[in-house]
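Asks: What follows is upload_26.cif; its format and atoms are mmCIF, C-alpha atoms.
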```cif
data_start
#
loop_
_atom_site.label_atom_id
_atom_site.label_comp_id
_atom_site.auth_asym_id
_atom_site.auth_seq_id
_atom_site.Cartn_x
_atom_site.Cartn_y
_atom_site.Cartn_z
CA MET A 24 -5.74 -10.69 6.20
CA HIS A 25 -7.01 -7.52 4.53
CA GLU A 26 -9.82 -9.54 2.89
CA LEU A 27 -11.85 -9.03 6.09
CA SER A 28 -11.50 -5.27 5.78
CA ILE A 29 -12.45 -5.54 2.09
CA ALA A 30 -15.55 -7.61 2.96
CA GLN A 31 -16.62 -4.94 5.45
CA ASN A 32 -16.14 -2.23 2.83
CA ILE A 33 -18.29 -4.21 0.37
CA ILE A 34 -21.09 -4.47 2.93
CA GLN A 35 -20.98 -0.72 3.60
CA ILE A 36 -21.29 0.02 -0.11
CA VAL A 37 -24.15 -2.47 -0.55
CA ASN A 38 -25.96 -0.94 2.42
CA SER A 39 -25.61 2.54 0.96
CA SER A 40 -26.62 1.47 -2.57
CA VAL A 41 -29.76 -0.56 -1.79
CA GLU A 42 -32.90 0.74 -0.08
CA GLN A 43 -32.95 -0.51 3.50
CA ASP A 44 -36.24 -2.44 3.14
CA LYS A 45 -34.77 -4.37 0.20
CA ILE A 46 -31.44 -5.39 1.75
CA ASP A 47 -32.68 -8.92 2.43
CA LEU A 48 -33.42 -9.32 -1.30
CA VAL A 49 -29.75 -8.85 -2.27
CA ASP A 50 -28.77 -12.01 -4.12
CA LYS A 51 -25.58 -11.47 -6.14
CA ILE A 52 -22.87 -8.86 -5.79
CA TYR A 53 -20.67 -8.55 -8.88
CA LEU A 54 -17.08 -7.46 -8.33
CA LYS A 55 -14.15 -6.79 -10.65
CA ILE A 56 -10.81 -7.43 -9.02
CA GLY A 57 -7.45 -6.92 -10.70
CA LEU A 58 -4.74 -9.55 -10.34
CA LEU A 59 -2.40 -6.94 -8.86
CA SER A 60 -4.74 -6.04 -6.01
CA ASN A 61 -3.40 -8.82 -3.78
CA VAL A 62 -6.86 -10.18 -3.00
CA LEU A 63 -7.11 -13.88 -2.25
CA ILE A 64 -10.52 -14.81 -3.64
CA GLU A 65 -11.11 -17.82 -1.36
CA SER A 66 -10.21 -15.70 1.64
CA LEU A 67 -12.51 -12.87 0.52
CA ASN A 68 -15.44 -15.28 0.05
CA PHE A 69 -14.75 -16.80 3.46
CA SER A 70 -14.52 -13.38 5.13
CA TYR A 71 -17.68 -12.18 3.41
CA THR A 72 -19.65 -15.27 4.44
CA SER A 73 -18.49 -14.82 8.05
CA VAL A 74 -19.39 -11.14 8.19
CA ILE A 75 -22.91 -11.49 6.71
CA GLU A 76 -23.93 -14.30 9.08
CA ASN A 77 -27.10 -13.32 10.99
CA THR A 78 -27.52 -10.12 8.97
CA PRO A 79 -30.12 -9.23 6.30
CA LEU A 80 -27.40 -9.94 3.69
CA LYS A 81 -27.02 -13.56 4.81
CA ASN A 82 -28.38 -14.99 1.53
CA SER A 83 -26.12 -12.93 -0.75
CA ARG A 84 -23.02 -14.13 -2.59
CA LEU A 85 -20.04 -12.52 -4.28
CA TYR A 86 -19.42 -13.08 -8.00
CA ILE A 87 -15.88 -12.08 -8.82
CA GLU A 88 -14.45 -11.35 -12.25
CA LEU A 89 -10.65 -11.30 -12.23
CA LEU A 90 -9.10 -8.61 -14.40
CA PRO A 91 -5.69 -9.12 -16.02
CA ILE A 92 -2.68 -6.87 -15.56
CA LYS A 93 -2.60 -4.26 -18.31
CA ILE A 94 0.75 -2.92 -19.50
CA ARG A 95 1.73 -0.21 -21.94
CA CYS A 96 5.17 -0.46 -23.55
CA ASN A 97 7.25 2.72 -23.43
CA GLY A 98 9.16 1.47 -26.49
CA CYS A 99 6.47 0.51 -29.03
CA ASN A 100 3.52 2.10 -27.17
CA LYS A 101 1.39 -1.05 -27.54
CA ILE A 102 -1.01 -2.07 -24.80
CA ASN A 103 -1.13 -5.72 -23.74
CA THR A 104 -2.58 -7.76 -20.93
CA THR A 105 -0.92 -10.50 -18.90
CA ASN A 106 -2.09 -13.00 -16.32
CA ASP A 107 1.41 -14.17 -15.52
CA PHE A 108 3.00 -11.23 -13.75
CA ILE A 109 5.50 -10.93 -16.59
CA PHE A 110 6.34 -7.29 -17.00
CA THR A 111 7.89 -7.41 -20.44
CA CYS A 112 6.33 -6.22 -23.71
CA PRO A 113 5.27 -9.34 -25.66
CA ASP A 114 5.67 -7.43 -28.95
CA CYS A 115 9.09 -5.78 -28.74
CA LYS A 116 10.40 -7.56 -25.59
CA SER A 117 11.22 -4.24 -23.91
CA SER A 118 11.07 -4.24 -20.13
CA ALA A 119 10.46 -0.48 -20.08
CA ILE A 120 6.74 -0.78 -19.54
CA ASN A 121 4.13 0.96 -17.44
CA VAL A 122 1.45 -0.96 -15.61
CA ILE A 123 -1.80 0.83 -16.46
CA GLY A 124 -4.33 -1.57 -14.98
CA GLY A 125 -4.77 -4.65 -12.87
CA ASP A 126 -5.13 -3.20 -9.39
CA GLU A 127 -8.86 -2.49 -9.68
CA MET A 128 -11.25 -3.43 -6.91
CA ILE A 129 -14.73 -2.38 -7.99
CA ILE A 130 -18.31 -3.32 -7.13
CA SER A 131 -19.95 -3.25 -10.55
CA SER A 132 -23.53 -4.26 -9.78
CA ILE A 133 -25.91 -5.70 -7.23
CA HIS A 134 -28.67 -8.15 -8.24
CA LEU A 135 -31.82 -8.31 -6.14
CA LYS A 136 -34.39 -11.08 -6.08
CA ASP A 137 -38.03 -10.14 -6.69
CA GLU A 138 -40.07 -10.04 -3.53
CA SER A 139 -42.19 -12.92 -4.85
CA GLU A 140 -39.18 -15.17 -5.48
CA MET B 1 -34.87 -9.80 -10.52
CA SER B 2 -33.65 -6.22 -10.51
CA VAL B 3 -30.14 -4.95 -11.05
CA ILE B 4 -28.52 -1.93 -9.43
CA THR B 5 -25.49 -0.62 -11.29
CA VAL B 6 -22.94 0.51 -8.75
CA GLU B 7 -19.43 0.94 -10.25
CA ARG B 8 -17.88 2.02 -6.96
CA LYS B 9 -14.39 1.31 -5.68
CA VAL B 10 -14.43 -1.12 -2.79
CA LEU B 11 -11.90 0.99 -0.90
CA GLU B 12 -13.56 4.32 -1.78
CA LYS B 13 -13.97 5.29 1.88
CA ASN B 14 -10.24 4.87 2.52
CA ASP B 15 -9.46 6.79 -0.70
CA GLN B 16 -11.75 9.67 0.33
CA ILE B 17 -10.13 10.01 3.76
CA ALA B 18 -6.67 9.77 2.15
CA SER B 19 -7.51 12.50 -0.36
CA ALA B 20 -8.66 14.82 2.44
CA LEU B 21 -5.48 14.02 4.39
CA ARG B 22 -3.36 14.80 1.32
CA VAL B 23 -5.00 18.24 1.06
CA LYS B 24 -4.37 18.83 4.77
CA PHE B 25 -0.73 17.74 4.58
CA LYS B 26 -0.20 19.99 1.56
CA SER B 27 -1.78 23.00 3.29
CA LYS B 28 0.61 22.50 6.20
CA GLY B 29 3.60 22.24 3.86
CA LEU B 30 4.44 18.65 4.80
CA PHE B 31 6.26 16.12 2.66
CA VAL B 32 4.91 12.70 3.59
CA ILE B 33 6.59 9.33 3.09
CA ASN B 34 4.74 6.02 3.55
CA LEU B 35 7.53 3.58 4.45
CA LEU B 36 6.86 -0.04 3.57
CA SER B 37 8.70 -3.33 3.90
CA SER B 38 8.53 -6.82 5.31
CA PRO B 39 9.19 -7.15 9.06
CA GLY B 40 12.84 -6.66 9.94
CA SER B 41 14.05 -4.90 6.78
CA GLY B 42 15.03 -1.80 8.70
CA LYS B 43 12.16 0.70 8.58
CA THR B 44 12.74 1.96 12.11
CA SER B 45 16.52 1.94 11.67
CA LEU B 46 16.18 4.00 8.49
CA ILE B 47 14.00 6.53 10.34
CA GLU B 48 16.62 6.75 13.11
CA LYS B 49 19.45 7.31 10.62
CA THR B 50 17.42 9.78 8.55
CA ALA B 51 16.41 11.83 11.60
CA ASP B 52 19.99 11.87 12.82
CA HIS B 53 21.38 12.93 9.43
CA LEU B 54 18.77 15.63 8.83
CA LYS B 55 18.93 17.07 12.35
CA GLY B 56 18.96 20.86 12.14
CA LYS B 57 17.91 20.77 8.47
CA LEU B 58 14.35 19.43 8.71
CA ASN B 59 11.73 19.00 11.41
CA ILE B 60 10.68 15.37 11.28
CA SER B 61 7.63 13.72 12.83
CA VAL B 62 6.79 10.03 12.73
CA ILE B 63 3.64 7.92 12.84
CA VAL B 64 4.50 4.27 13.38
CA GLY B 65 2.19 1.29 12.94
CA ASP B 66 2.63 -2.11 14.53
CA VAL B 67 0.36 -5.04 15.25
CA GLN B 68 1.45 -4.95 18.89
CA THR B 69 3.80 -3.06 21.27
CA ASP B 70 5.00 0.54 21.31
CA ASN B 71 8.65 -0.55 21.07
CA ASP B 72 9.23 1.38 17.85
CA ALA B 73 7.75 4.61 19.24
CA LYS B 74 10.03 4.26 22.27
CA ARG B 75 13.05 3.86 19.97
CA ILE B 76 12.11 6.84 17.83
CA GLY B 77 11.15 8.89 20.91
CA LYS B 78 14.78 8.75 22.02
CA LEU B 79 15.59 11.00 19.05
CA ASN B 80 13.46 13.74 20.63
CA ILE B 81 11.16 14.01 17.65
CA PRO B 82 7.33 13.86 17.76
CA VAL B 83 6.11 10.27 17.36
CA VAL B 84 2.70 8.57 17.56
CA GLN B 85 2.34 4.81 17.81
CA ILE B 86 -0.64 3.12 16.14
CA ILE B 87 -1.29 -0.39 17.46
CA THR B 88 -3.50 -2.19 14.94
CA HIS B 89 -4.36 -5.16 17.18
CA GLY B 90 -3.96 -7.72 14.44
CA SER B 91 -4.68 -5.73 11.30
CA CYS B 92 -1.88 -6.18 8.80
CA HIS B 93 -1.83 -2.66 7.30
CA LEU B 94 -2.52 0.97 8.16
CA GLU B 95 -5.69 2.61 6.85
CA ALA B 96 -6.16 6.33 6.20
CA GLN B 97 -8.56 6.73 9.10
CA LEU B 98 -5.95 5.46 11.58
CA VAL B 99 -3.39 7.92 10.20
CA ARG B 100 -5.91 10.78 10.35
CA ASP B 101 -6.62 10.07 14.02
CA ALA B 102 -2.93 9.65 14.88
CA TYR B 103 -1.97 12.87 13.08
CA THR B 104 -4.29 14.96 15.29
CA LYS B 105 -1.89 14.21 18.17
CA ILE B 106 1.08 15.86 16.45
CA GLU B 107 -0.46 18.34 14.02
CA ASN B 108 0.69 21.33 16.04
CA GLU B 109 4.33 20.18 16.08
CA PRO B 110 6.50 22.04 13.55
CA THR B 111 7.04 19.46 10.80
CA ASP B 112 8.59 19.48 7.33
CA LEU B 113 8.80 15.73 6.85
CA LEU B 114 6.26 13.23 8.13
CA ILE B 115 7.30 9.59 7.92
CA ILE B 116 4.56 6.98 8.27
CA GLU B 117 6.11 3.64 9.14
CA ASN B 118 3.59 1.07 7.95
CA VAL B 119 3.03 -2.37 9.46
CA GLY B 120 5.76 -4.79 8.31
CA ASN B 121 4.09 -6.53 5.37
CA LEU B 122 4.79 -6.53 1.63
CA VAL B 123 1.22 -7.43 0.61
CA CYS B 124 -1.74 -5.60 2.11
CA PRO B 125 -0.36 -2.07 2.68
CA ALA B 126 0.16 -1.64 -1.09
CA GLY B 127 -3.55 -1.06 -1.69
CA TYR B 128 -4.21 1.53 1.01
CA ASP B 129 -3.55 5.17 0.20
CA LEU B 130 -2.61 7.09 3.36
CA GLY B 131 -2.45 10.55 1.80
CA GLU B 132 1.32 10.30 1.36
CA ASP B 133 3.40 12.04 -1.32
CA LYS B 134 5.61 9.00 -1.92
CA LYS B 135 5.55 5.35 -1.05
CA VAL B 136 9.06 4.06 -0.35
CA VAL B 137 9.71 0.32 -0.11
CA ILE B 138 12.70 -1.12 1.73
CA ILE B 139 14.22 -4.48 0.85
CA SER B 140 17.21 -5.81 2.73
CA THR B 141 19.93 -7.94 1.21
CA THR B 142 19.11 -10.83 3.57
CA GLU B 143 15.63 -11.25 2.04
CA GLY B 144 16.73 -12.64 -1.32
CA ASP B 145 16.87 -10.78 -4.60
CA ASP B 146 13.55 -12.02 -6.00
CA LYS B 147 11.32 -10.14 -3.51
CA PRO B 148 10.20 -7.60 -6.16
CA LEU B 149 8.96 -10.45 -8.37
CA LYS B 150 7.14 -12.11 -5.47
CA TYR B 151 5.40 -8.91 -4.32
CA PRO B 152 4.93 -6.94 -7.57
CA ALA B 153 2.11 -4.66 -6.38
CA MET B 154 4.24 -3.16 -3.65
CA PHE B 155 7.14 -2.39 -6.00
CA ARG B 156 4.82 -1.15 -8.72
CA ASN B 157 3.10 1.31 -6.36
CA SER B 158 6.30 2.69 -4.82
CA SER B 159 8.26 5.71 -6.06
CA ALA B 160 11.55 4.62 -4.53
CA MET B 161 13.22 1.47 -3.25
CA VAL B 162 15.86 1.40 -0.53
CA ILE B 163 18.17 -1.63 -0.52
CA ASN B 164 19.28 -1.89 3.11
CA LYS B 165 21.96 -3.98 4.86
CA ILE B 166 24.49 -3.73 2.03
CA ASP B 167 27.19 -4.29 4.69
CA LEU B 168 25.98 -7.92 4.81
CA LEU B 169 26.50 -8.55 1.08
CA PRO B 170 29.69 -10.61 1.61
CA TYR B 171 27.72 -13.05 3.76
CA VAL B 172 24.51 -13.53 1.75
CA ASN B 173 23.62 -14.80 -1.70
CA SER B 174 21.79 -11.66 -2.82
CA SER B 175 23.09 -9.48 -5.59
CA VAL B 176 22.26 -5.79 -5.60
CA GLU B 177 22.23 -5.81 -9.42
CA GLU B 178 19.71 -8.65 -9.42
CA ILE B 179 17.45 -6.83 -6.92
CA LYS B 180 17.64 -3.72 -9.10
CA ASN B 181 16.90 -5.63 -12.31
CA ASN B 182 13.95 -7.44 -10.76
CA ALA B 183 12.53 -4.22 -9.33
CA ARG B 184 12.99 -2.28 -12.58
CA SER B 185 11.26 -5.06 -14.53
CA ILE B 186 8.14 -4.18 -12.53
CA ASN B 187 8.60 -0.44 -12.22
CA SER B 188 11.06 1.14 -14.63
CA GLU B 189 10.77 4.55 -12.95
CA LEU B 190 11.66 3.39 -9.45
CA GLY B 191 14.31 5.52 -7.71
CA ILE B 192 16.85 3.19 -6.10
CA PHE B 193 19.11 3.73 -3.08
CA GLN B 194 21.52 1.26 -1.59
CA LEU B 195 22.65 1.79 1.96
CA SER B 196 23.46 0.35 5.32
CA CYS B 197 21.78 1.63 8.46
CA LYS B 198 24.55 -0.11 10.38
CA THR B 199 27.53 1.64 8.77
CA SER B 200 25.64 4.71 7.44
CA GLU B 201 27.03 4.11 3.93
CA GLY B 202 24.56 5.60 1.42
CA ILE B 203 22.47 7.48 4.00
CA GLU B 204 23.58 10.86 2.63
CA GLU B 205 22.36 10.12 -0.89
CA TRP B 206 19.00 8.96 0.48
CA CYS B 207 18.67 12.10 2.62
CA ASN B 208 19.60 14.30 -0.33
CA TRP B 209 16.74 12.73 -2.29
CA ILE B 210 14.34 13.68 0.50
CA LEU B 211 15.68 17.24 0.57
CA ASN B 212 15.30 17.51 -3.21
CA GLN B 213 11.74 16.19 -3.06
CA ILE B 214 10.87 18.83 -0.49
CA LYS B 215 12.33 21.62 -2.64
CA LYS B 216 10.14 20.57 -5.58
#
```
Could the structure of this file be written out as structure tokens, please?
Replies:
Amino acid sequence: MHELSIAQNIIQIVNSSVEQDKIDLVDKIYLKIGLLSNVLIESLNFSYTSVIENTPLKNSRLYIELLPIKIRCNGCNKINTTNDFIFTCPDCKSSAINVIGGDEMIISSIHLKDESE
Amino acid sequence: MSVITVERKVLEKNDQIASALRVKFKSKGLFVINLLSSPGSGKTSLIEKTADHLKGKLNISVIVGDVQTDNDAKRIGKLNIPVVQIITHGSCHLEAQLVRDAYTKIENEPTDLLIIENVGNLVCPAGYDLGEDKKVVIISTTEGDDKPLKYPAMFRNSSAMVINKIDLLPYVNSSVEEIKNNARSINSELGIFQLSCKTSEGIEEWCNWILNQIKK
């Protein structure tokens, strides 16, 4: 359910990053979302599409890059990534690890169409 | 086509409000716990037991979030401690702005410990900073011992885990050791308490942890 709140936050950031007279040119919004951030991509796309209906952003779409979970082993100090929610060091098999990434939720860039397009 | 580089956190607005709240809480000398769990794990019961045990030692205030009803605020109000109910009307988590607004109603009450009881949900609340010092997650023995593996973000983001309803262990298939192992496989630094809000077993150790955190 928090995908709706996330969609609204995305729209606020787009509105504050793009000049008002160019909002209707926004085409693609690139996001990086970590696997640990509990975001359901289908639900986020659905929420976003619902919220932009009848607004100047109605022709825009989200492009989402999923980021893996990043872990650092306290034993051998190596950094690894996992997509499987397995919190064990693949090198030394220690379970004493720290999660150092994977809960990101970032808008990286916004692509605008040219006015002539 | 033109490209605008943004690199901004989607939840930056919530994070900004939470950071300001954290500064405010600190300036008032408050220790703040964000209490998280699925519905029915015992968040309100733990608050009742904690307030009862720490009576005379700490001034406690509570902000409680629910999708509907002020039942929890009524329960906590019986303890004669300041309490504010947030009704989210469907939203599945508390956001910093809601806590900021609720706190204005009790900010003049003498408080050492502020407990924010989040909406019962092991998913969404994990991502929303409320300006707390510590997130504490409760799991009860009736929920099954693999909850930490099913909801890793919540257990990863918490500083402590309370295993509640240990009085029911003879009647359920959960093992406390298994819950601990699963939780530690996600967060090796998690502080762990096992207790029963029904029998009060383990409440003292939990309350001592709070007192030690406040001394720090």
Asks: Compute the chain A side of the contact with chain B at 10 Å, counting only C-alpha atoms, and hand it back as an NGL selection string.
Replies: :A and (24-37 or 40-41 or 48-56 or 58-62 or 97 or 108-111 or 117-122 or 125-140)
Asks: What's the separation between atom CA of Asp47 of chain A and atom CA of Asn68 of chain A, in Å to one decimal place?
Replies: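 One can read the atom CA of Asp47 of chain A to atom CA of Asn68 of chain A distance as 18.5 Å.
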Asks: Please enumerate the residues selected by the PyMOL selection byres ((chain B and resi 67) around 6) when evaluated against the supplied file, formatted as a PDB file with C-alpha atoms, keeping the file's coordinate frame.
Replies:
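part29.pdb was written with the following content:
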```
ATOM      1  CA  ASP B  66       2.630  -2.110  14.530  1.00  0.00           C
ATOM      2  CA  GLN B  68       1.450  -4.950  18.890  1.00  0.00           C
ATOM      3  CA  ILE B  87      -1.290  -0.390  17.460  1.00  0.00           C
ATOM      4  CA  THR B  88      -3.500  -2.190  14.940  1.00  0.00           C
ATOM      5  CA  HIS B  89      -4.360  -5.160  17.180  1.00  0.00           C
ATOM      6  CA  GLY B  90      -3.960  -7.720  14.440  1.00  0.00           C
TER       7      GLY B  90
END
```
Asks: What is the distance, in Å and to one decimal place, between atom CA of Lys147 of chain B and atom CA of Gly40 of chain B?
Replies: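 Calculated distance between atom CA of Lys147 of chain B and atom CA of Gly40 of chain B is 14.0 Å.
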Asks: Suppose a student applies the PyMOL selection byres ((chain B and resi 76) around 10) to this structure; what residues should they get, written as a ChimeraX atom specification?
Replies: /B:44-45,47-48,51,61-64,71-75,77-85
Asks: How big is the axis-aligned box around the listed atoms of segment 63-74 of chain A once 4 Å is added on each side, and where is its centre? Give both in Å to one decimal, as JSON.
Replies:
```
{"center_x": -13.4, "center_y": -14.5, "center_z": 2.3, "size_x": 20.5, "size_y": 14.7, "size_z": 19.8}
```
Asks: Enumerate, as a compact mmCIF listing (two decimals) with C-alpha atoms, keeping the file's coordinate frame, the residues matched when the PyMOL selection byres ((chain B and resi 100-113) around 6) is run on the file above.
Replies:
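As written to disk, expr-v8.txt reads:
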```txt
# COMPACT_ATOMS: atom_id res chain seq x y z
CA LEU B 30 4.44 18.65 4.80
CA PHE B 31 6.26 16.12 2.66
CA VAL B 32 4.91 12.70 3.59
CA LEU B 58 14.35 19.43 8.71
CA ASN B 59 11.73 19.00 11.41
CA ILE B 60 10.68 15.37 11.28
CA GLN B 97 -8.56 6.73 9.10
CA LEU B 98 -5.95 5.46 11.58
CA VAL B 99 -3.39 7.92 10.20
CA LEU B 114 6.26 13.23 8.13
```
Asks: Please report the interatomic distance between atom CA of Cys112 of chain A and atom CA of Cys96 of chain A in Å with one decimal.
Replies: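 Atom-to-atom, atom CA of Cys112 of chain A and atom CA of Cys96 of chain A are spaced 5.9 Å apart.
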Asks: Here is a test: counting all atoms listed in the file, which residue of B:Ile210, B:Ala183, B:Val23, B:Ile166 is nearest to Ser41 of chain B?
Replies: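 Of all the options, B:Ile166 lies closest to Ser41 of chain B.
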Asks: Give me, as a list in words, all polymer residues having an atom no more than 7 Å from segment 128-134 of chain B, counting only C-alpha atoms and skipping those fewer than 4 positions away in the same chain.
Replies: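 The contact residues come out as Asp15, Ala18, Ser19, Leu21, Arg22, Phe31, Val32, Ile33, Asn34, Glu95, Ala96, Val99, Ser158 and Ser159 of chain B.
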Asks: Looking at all atoms listed in the file, which of B:Phe155, B:Gly42, B:Ile115, B:Gly65 is the one that sits closest to Thr141 of chain B?
Replies: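 Closest to Thr141 of chain B of all the choices is B:Gly42.
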Asks: Choose the residue, out of B:Ile192, B:Val172, B:Leu94, B:Val136, that has the smallest atom-to-atom separation from Leu46 of chain B; count only C-alpha atoms.
Replies: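 Of B:Ile192, B:Val172, B:Leu94, B:Val136, the one nearest Leu46 of chain B is B:Val136, counting only C-alpha atoms.
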Asks: Would you list the residues near (23.6, -5.7, 7.5), meaning any protein, DNA or RNA residue with an atom at most 12 Å from that point in file coordinates, counting all atoms listed in the file, as a list in words?
Replies: Gly40, Ser41, Gly42, Ser45, Ile139, Ser140, Thr141, Thr142, Glu143, Ile163, Asn164, Lys165, Ile166, Asp167, Leu168, Leu169, Pro170, Tyr171, Val172, Gln194, Leu195, Ser196, Cys197, Lys198, Thr199, Ser200 and Glu201 of chain B
Asks: Got a minute to add N, CA and C atoms to segment 86-109 of chain A and dump it as a compact mmCIF listing (two decimals), keeping the file's coordinate frame?
Replies:
```
# COMPACT_ATOMS: atom_id res chain seq x y z
N TYR A 86 -19.81 -12.54 -6.69
CA TYR A 86 -19.42 -13.08 -8.00
C TYR A 86 -18.25 -12.23 -8.50
N ILE A 87 -17.10 -12.87 -8.59
CA ILE A 87 -15.88 -12.08 -8.82
C ILE A 87 -15.30 -12.34 -10.20
N GLU A 88 -15.14 -11.26 -10.95
CA GLU A 88 -14.45 -11.35 -12.25
C GLU A 88 -13.02 -10.86 -12.04
N LEU A 89 -12.05 -11.71 -12.38
CA LEU A 89 -10.65 -11.30 -12.23
C LEU A 89 -10.20 -10.54 -13.48
N LEU A 90 -9.58 -9.40 -13.26
CA LEU A 90 -9.10 -8.61 -14.40
C LEU A 90 -7.59 -8.81 -14.56
N PRO A 91 -7.13 -8.91 -15.80
CA PRO A 91 -5.69 -9.12 -16.02
C PRO A 91 -4.88 -7.85 -15.74
N ILE A 92 -3.58 -8.02 -15.70
CA ILE A 92 -2.68 -6.87 -15.56
C ILE A 92 -2.55 -6.25 -16.95
N LYS A 93 -2.68 -4.94 -17.01
CA LYS A 93 -2.60 -4.26 -18.31
C LYS A 93 -1.31 -3.45 -18.36
N ILE A 94 -0.53 -3.65 -19.41
CA ILE A 94 0.75 -2.92 -19.50
C ILE A 94 0.85 -2.15 -20.82
N ARG A 95 1.45 -0.98 -20.73
CA ARG A 95 1.73 -0.21 -21.94
C ARG A 95 3.25 -0.12 -22.09
N CYS A 96 3.73 -0.46 -23.30
CA CYS A 96 5.17 -0.46 -23.55
C CYS A 96 5.63 0.97 -23.85
N ASN A 97 6.69 1.39 -23.16
CA ASN A 97 7.25 2.72 -23.43
C ASN A 97 7.98 2.75 -24.77
N GLY A 98 8.42 1.55 -25.24
CA GLY A 98 9.16 1.47 -26.49
C GLY A 98 8.23 1.55 -27.69
N CYS A 99 7.32 0.55 -27.82
CA CYS A 99 6.47 0.51 -29.03
C CYS A 99 5.07 1.04 -28.77
N ASN A 100 4.80 1.45 -27.51
CA ASN A 100 3.52 2.10 -27.17
C ASN A 100 2.30 1.17 -27.20
N LYS A 101 2.54 -0.13 -27.47
CA LYS A 101 1.39 -1.05 -27.54
C LYS A 101 0.89 -1.40 -26.14
N ILE A 102 -0.40 -1.67 -26.07
CA ILE A 102 -1.01 -2.07 -24.80
C ILE A 102 -1.30 -3.57 -24.85
N ASN A 103 -0.88 -4.29 -23.82
CA ASN A 103 -1.13 -5.72 -23.74
C ASN A 103 -1.62 -6.09 -22.35
N THR A 104 -2.18 -7.28 -22.25
CA THR A 104 -2.58 -7.76 -20.93
C THR A 104 -1.81 -9.04 -20.61
N THR A 105 -1.62 -9.29 -19.32
CA THR A 105 -0.92 -10.50 -18.90
C THR A 105 -1.57 -11.05 -17.64
N ASN A 106 -1.61 -12.35 -17.55
CA ASN A 106 -2.09 -13.00 -16.32
C ASN A 106 -0.93 -13.60 -15.55
N ASP A 107 0.28 -13.42 -16.06
CA ASP A 107 1.41 -14.17 -15.52
C ASP A 107 2.42 -13.32 -14.76
N PHE A 108 2.07 -12.09 -14.47
CA PHE A 108 3.00 -11.23 -13.75
C PHE A 108 4.34 -11.11 -14.48
N ILE A 109 4.28 -11.14 -15.81
CA ILE A 109 5.50 -10.93 -16.59
C ILE A 109 5.44 -9.50 -17.13
```
